[in-house]
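Shown here: start-v6.txt, compact mmCIF, C-alpha atoms.
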```txt
# COMPACT_ATOMS: atom_id res chain seq x y z
CA MET A 17 -5.53 22.46 -26.66
CA THR A 18 -7.12 21.90 -23.22
CA LYS A 19 -8.75 18.65 -24.34
CA PHE A 20 -5.40 17.44 -25.62
CA ALA A 21 -3.72 18.21 -22.29
CA LEU A 22 -6.49 16.42 -20.39
CA ALA A 23 -6.23 13.40 -22.68
CA CYS A 24 -2.45 13.24 -22.18
CA GLY A 25 -2.83 13.53 -18.42
CA LEU A 26 -5.45 10.80 -18.34
CA ALA A 27 -3.32 8.50 -20.50
CA LEU A 28 -0.31 9.14 -18.27
CA SER A 29 -2.22 8.46 -15.05
CA LEU A 30 -3.73 5.27 -16.47
CA GLY A 31 -0.30 4.14 -17.60
CA ILE A 32 1.15 4.73 -14.12
CA ALA A 33 -1.74 2.88 -12.47
CA ALA A 34 -1.34 -0.06 -14.84
CA CYS A 35 2.39 -0.30 -14.14
CA ALA A 36 1.92 -0.09 -10.37
CA SER A 37 -0.67 -2.86 -10.14
CA ASN A 38 0.35 -6.40 -9.37
CA PRO A 39 -0.85 -9.24 -11.59
CA GLU A 40 -3.43 -11.54 -10.02
CA THR A 41 -1.69 -14.75 -11.09
CA PRO A 42 2.05 -14.49 -11.56
CA ALA A 43 3.54 -16.61 -14.31
CA PRO A 44 5.84 -19.39 -13.08
CA ALA A 45 9.53 -18.87 -13.62
CA ALA A 46 11.21 -20.67 -16.51
CA GLY A 47 13.17 -22.95 -14.18
CA SER A 48 10.35 -23.66 -11.72
CA SER A 49 9.48 -27.22 -10.81
CA VAL A 50 5.70 -26.66 -10.83
CA ALA A 51 4.15 -28.48 -13.78
CA PRO A 52 1.30 -26.86 -15.71
CA ALA A 53 -2.24 -28.13 -15.23
CA SER A 54 -3.06 -31.27 -17.19
CA ALA A 55 -5.50 -31.37 -20.09
CA SER A 56 -8.25 -32.80 -17.87
CA GLY A 57 -8.31 -29.54 -15.89
CA THR A 58 -7.04 -30.89 -12.57
CA ALA A 59 -4.15 -29.16 -10.89
CA PRO A 60 -1.09 -31.19 -9.85
CA ALA A 61 -0.71 -32.13 -6.20
CA THR A 62 2.29 -29.80 -5.73
CA ALA A 63 0.19 -26.75 -6.66
CA GLN A 64 -2.44 -27.63 -4.05
CA ALA A 65 0.18 -27.89 -1.32
CA ALA A 66 1.52 -24.40 -2.06
CA PRO A 67 1.09 -21.93 0.83
CA ALA A 68 -1.81 -19.55 0.54
CA LYS A 69 -1.13 -15.90 -0.23
CA PRO A 70 -1.46 -13.63 2.80
CA LYS A 71 -4.50 -11.37 2.72
CA LEU A 72 -3.60 -7.79 1.86
CA VAL A 73 -5.20 -4.58 3.06
CA CYS A 74 -4.88 -1.76 0.54
CA GLU A 75 -5.42 1.94 1.09
CA GLU A 76 -4.94 4.98 -1.07
CA SER A 77 -3.14 8.04 0.23
CA LYS A 78 -2.07 11.29 -1.38
CA PRO A 79 1.58 12.05 -0.68
CA LEU A 80 2.38 15.56 0.48
CA GLY A 81 2.76 17.83 -2.52
CA SER A 82 1.02 15.51 -4.97
CA LEU A 83 -2.53 15.19 -6.20
CA LEU A 84 -2.04 11.64 -7.45
CA PRO A 85 -2.98 9.02 -4.86
CA GLN A 86 -0.66 6.10 -4.17
CA ARG A 87 -2.01 2.64 -3.39
CA ILE A 88 -0.28 1.04 -0.42
CA CYS A 89 -0.93 -2.65 0.26
CA MET A 90 0.17 -4.53 3.37
CA THR A 91 -0.87 -7.42 5.56
CA PRO A 92 -3.30 -6.73 8.43
CA GLU A 93 -0.45 -7.19 10.93
CA GLU A 94 1.69 -4.62 9.12
CA ALA A 95 -1.26 -2.21 8.98
CA ALA A 96 -1.84 -2.57 12.73
CA ALA A 97 1.87 -2.02 13.46
CA ARG A 98 1.92 1.05 11.22
CA ARG A 99 -1.18 2.47 12.90
CA LYS A 100 0.29 1.88 16.38
CA ALA A 101 3.58 3.52 15.40
CA ALA A 102 1.72 6.58 14.11
CA GLN A 103 -0.30 6.84 17.33
CA ASP A 104 2.86 6.52 19.44
CA ALA A 105 4.60 9.23 17.41
CA ILE A 106 1.67 11.63 17.87
CA ARG A 107 1.46 10.83 21.58
CA ASN A 108 5.21 11.47 22.02
CA ALA A 109 4.99 14.75 20.12
CA GLN A 110 2.08 15.91 22.28
CA ASN A 111 3.89 14.91 25.49
CA ASN A 112 7.04 16.76 24.42
CA ASN A 113 5.00 19.84 23.53
CA THR A 114 3.20 19.96 26.89
CA GLN A 115 6.47 19.43 28.78
CA THR A 116 8.09 22.31 26.90
CA ARG A 117 5.20 24.64 27.69
CA ALA A 118 5.20 23.71 31.39
CA SER A 119 8.94 24.32 31.76
CA SER A 120 8.89 27.66 29.91
CA SER A 121 5.96 29.11 31.88
CA GLY A 122 7.46 28.30 35.26
CA GLY A 123 9.30 31.43 35.78
```
Will you turn the file into structure tokens for me?
Amino acid sequence: MTKFALACGLALSLGIAACASNPETPAPAAGSSVAPASASGTAPATAQAAPAKPKLVCEESKPLGSLLPQRICMTPEEAAARRKAAQDAIRNAQNNNTQTRASSSGG
């Protein structure tokens, strides 16, 4: 019975991870104007002029109350902005806490 429960949990977690991952090369839409590569193996000129994908930074974090980690991917600029916002929030909370203690012990 325990082996069955473990097998079901593993299958479920692998299924969730497979659904959450992004494909490496997305298929072109049915109405897209990009032609497929020719038989000689060279890509058309329009595919070479396409903008490059932005580099992503991925990290895994466990949400509060869950043991399953979530993979969060963002650009380096978004990661830096998120980190700065978290530092500012902690700094503001610490400043508010010290101001409250100073005002309550004054008298």
What lies within 12 Å of range 95-102 of chain A using only C-alpha atoms, ignoring chain neighbours under 6 positions off, as a PyMOL selection string?
-> chain A and resi 71-75+88-89+108-109
Suppose we keep C-alpha atoms; can you now write the selection as a PDB file, keeping the file's coordinate frame?
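Okay, selection_31.pdb is ready:
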```pdb
ATOM      1  CA  LYS A  71      -4.500 -11.370   2.720  1.00  0.00           C
ATOM      2  CA  LEU A  72      -3.600  -7.790   1.860  1.00  0.00           C
ATOM      3  CA  VAL A  73      -5.200  -4.580   3.060  1.00  0.00           C
ATOM      4  CA  CYS A  74      -4.880  -1.760   0.540  1.00  0.00           C
ATOM      5  CA  GLU A  75      -5.420   1.940   1.090  1.00  0.00           C
ATOM      6  CA  ILE A  88      -0.280   1.040  -0.420  1.00  0.00           C
ATOM      7  CA  CYS A  89      -0.930  -2.650   0.260  1.00  0.00           C
ATOM      8  CA  ASN A 108       5.210  11.470  22.020  1.00  0.00           C
ATOM      9  CA  ALA A 109       4.990  14.750  20.120  1.00  0.00           C
TER      10      ALA A 109
END
```
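Picture a line from CA of Pro70 in chain A to CA of Pro85 in chain A; it runs 24.0 Å.
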Quote the spacing between CA of Pro92 in chain A and CA of Glu76 in chain A in Å to one decimal place.
-> 15.2 Å
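The spacing separating CA of Lys69 in chain A from CA of Gln86 in chain A amounts to 22.4 Å.
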Rebuild N, CA, C and O atoms on range 83-103 of chain A, as a PDB file, keeping the file's coordinate frame?
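Saved as out.pdb:
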```
ATOM      1  N   LEU A  83      -1.099  15.417  -6.105  1.00  0.00           N
ATOM      2  CA  LEU A  83      -2.530  15.190  -6.200  1.00  0.00           C
ATOM      3  C   LEU A  83      -2.847  13.767  -6.620  1.00  0.00           C
ATOM      4  O   LEU A  83      -3.995  13.351  -6.606  1.00  0.00           O
ATOM      5  N   LEU A  84      -1.837  13.010  -7.013  1.00  0.00           N
ATOM      6  CA  LEU A  84      -2.040  11.640  -7.450  1.00  0.00           C
ATOM      7  C   LEU A  84      -1.963  10.697  -6.247  1.00  0.00           C
ATOM      8  O   LEU A  84      -0.951  10.652  -5.554  1.00  0.00           O
ATOM      9  N   PRO A  85      -3.018   9.937  -5.988  1.00  0.00           N
ATOM     10  CA  PRO A  85      -2.980   9.020  -4.860  1.00  0.00           C
ATOM     11  C   PRO A  85      -2.078   7.826  -5.134  1.00  0.00           C
ATOM     12  O   PRO A  85      -1.907   7.416  -6.277  1.00  0.00           O
ATOM     13  N   GLN A  86      -1.471   7.292  -4.083  1.00  0.00           N
ATOM     14  CA  GLN A  86      -0.660   6.100  -4.170  1.00  0.00           C
ATOM     15  C   GLN A  86      -1.382   4.978  -3.442  1.00  0.00           C
ATOM     16  O   GLN A  86      -1.931   5.193  -2.365  1.00  0.00           O
ATOM     17  N   ARG A  87      -1.369   3.793  -4.010  1.00  0.00           N
ATOM     18  CA  ARG A  87      -2.010   2.640  -3.390  1.00  0.00           C
ATOM     19  C   ARG A  87      -0.955   1.887  -2.600  1.00  0.00           C
ATOM     20  O   ARG A  87       0.064   1.457  -3.137  1.00  0.00           O
ATOM     21  N   ILE A  88      -1.210   1.727  -1.303  1.00  0.00           N
ATOM     22  CA  ILE A  88      -0.280   1.040  -0.420  1.00  0.00           C
ATOM     23  C   ILE A  88      -0.967  -0.221   0.083  1.00  0.00           C
ATOM     24  O   ILE A  88      -2.039  -0.150   0.685  1.00  0.00           O
ATOM     25  N   CYS A  89      -0.367  -1.374  -0.174  1.00  0.00           N
ATOM     26  CA  CYS A  89      -0.930  -2.650   0.260  1.00  0.00           C
ATOM     27  C   CYS A  89       0.006  -3.297   1.272  1.00  0.00           C
ATOM     28  O   CYS A  89       1.224  -3.280   1.111  1.00  0.00           O
ATOM     29  N   MET A  90      -0.589  -3.868   2.318  1.00  0.00           N
ATOM     30  CA  MET A  90       0.170  -4.530   3.370  1.00  0.00           C
ATOM     31  C   MET A  90      -0.713  -5.560   4.049  1.00  0.00           C
ATOM     32  O   MET A  90      -1.922  -5.563   3.865  1.00  0.00           O
ATOM     33  N   THR A  91      -0.101  -6.424   4.824  1.00  0.00           N
ATOM     34  CA  THR A  91      -0.870  -7.420   5.560  1.00  0.00           C
ATOM     35  C   THR A  91      -1.574  -6.728   6.735  1.00  0.00           C
ATOM     36  O   THR A  91      -1.167  -5.633   7.147  1.00  0.00           O
ATOM     37  N   PRO A  92      -2.623  -7.347   7.286  1.00  0.00           N
ATOM     38  CA  PRO A  92      -3.300  -6.730   8.430  1.00  0.00           C
ATOM     39  C   PRO A  92      -2.368  -6.487   9.615  1.00  0.00           C
ATOM     40  O   PRO A  92      -2.506  -5.488  10.323  1.00  0.00           O
ATOM     41  N   GLU A  93      -1.406  -7.383   9.828  1.00  0.00           N
ATOM     42  CA  GLU A  93      -0.450  -7.190  10.930  1.00  0.00           C
ATOM     43  C   GLU A  93       0.424  -5.972  10.691  1.00  0.00           C
ATOM     44  O   GLU A  93       0.697  -5.190  11.603  1.00  0.00           O
ATOM     45  N   GLU A  94       0.877  -5.793   9.447  1.00  0.00           N
ATOM     46  CA  GLU A  94       1.690  -4.620   9.120  1.00  0.00           C
ATOM     47  C   GLU A  94       0.875  -3.337   9.255  1.00  0.00           C
ATOM     48  O   GLU A  94       1.385  -2.321   9.728  1.00  0.00           O
ATOM     49  N   ALA A  95      -0.398  -3.392   8.861  1.00  0.00           N
ATOM     50  CA  ALA A  95      -1.260  -2.210   8.980  1.00  0.00           C
ATOM     51  C   ALA A  95      -1.459  -1.832  10.434  1.00  0.00           C
ATOM     52  O   ALA A  95      -1.411  -0.651  10.797  1.00  0.00           O
ATOM     53  N   ALA A  96      -1.664  -2.835  11.304  1.00  0.00           N
ATOM     54  CA  ALA A  96      -1.840  -2.570  12.730  1.00  0.00           C
ATOM     55  C   ALA A  96      -0.558  -1.992  13.333  1.00  0.00           C
ATOM     56  O   ALA A  96      -0.608  -1.049  14.130  1.00  0.00           O
ATOM     57  N   ALA A  97       0.592  -2.536  12.949  1.00  0.00           N
ATOM     58  CA  ALA A  97       1.870  -2.020  13.460  1.00  0.00           C
ATOM     59  C   ALA A  97       2.104  -0.595  12.994  1.00  0.00           C
ATOM     60  O   ALA A  97       2.580   0.252  13.762  1.00  0.00           O
ATOM     61  N   ARG A  98       1.753  -0.309  11.747  1.00  0.00           N
ATOM     62  CA  ARG A  98       1.920   1.050  11.220  1.00  0.00           C
ATOM     63  C   ARG A  98       1.012   2.038  11.942  1.00  0.00           C
ATOM     64  O   ARG A  98       1.415   3.148  12.271  1.00  0.00           O
ATOM     65  N   ARG A  99      -0.230   1.620  12.189  1.00  0.00           N
ATOM     66  CA  ARG A  99      -1.180   2.470  12.900  1.00  0.00           C
ATOM     67  C   ARG A  99      -0.706   2.752  14.321  1.00  0.00           C
ATOM     68  O   ARG A  99      -0.761   3.876  14.808  1.00  0.00           O
ATOM     69  N   LYS A 100      -0.195   1.707  15.003  1.00  0.00           N
ATOM     70  CA  LYS A 100       0.290   1.880  16.380  1.00  0.00           C
ATOM     71  C   LYS A 100       1.510   2.799  16.408  1.00  0.00           C
ATOM     72  O   LYS A 100       1.633   3.645  17.301  1.00  0.00           O
ATOM     73  N   ALA A 101       2.403   2.656  15.450  1.00  0.00           N
ATOM     74  CA  ALA A 101       3.580   3.520  15.400  1.00  0.00           C
ATOM     75  C   ALA A 101       3.188   4.981  15.184  1.00  0.00           C
ATOM     76  O   ALA A 101       3.772   5.887  15.794  1.00  0.00           O
ATOM     77  N   ALA A 102       2.184   5.215  14.344  1.00  0.00           N
ATOM     78  CA  ALA A 102       1.720   6.580  14.110  1.00  0.00           C
ATOM     79  C   ALA A 102       1.092   7.169  15.372  1.00  0.00           C
ATOM     80  O   ALA A 102       1.342   8.334  15.721  1.00  0.00           O
ATOM     81  N   GLN A 103       0.308   6.365  16.083  1.00  0.00           N
ATOM     82  CA  GLN A 103      -0.300   6.840  17.330  1.00  0.00           C
ATOM     83  C   GLN A 103       0.762   7.147  18.373  1.00  0.00           C
ATOM     84  O   GLN A 103       0.678   8.159  19.082  1.00  0.00           O
TER      85      GLN A 103
END
```
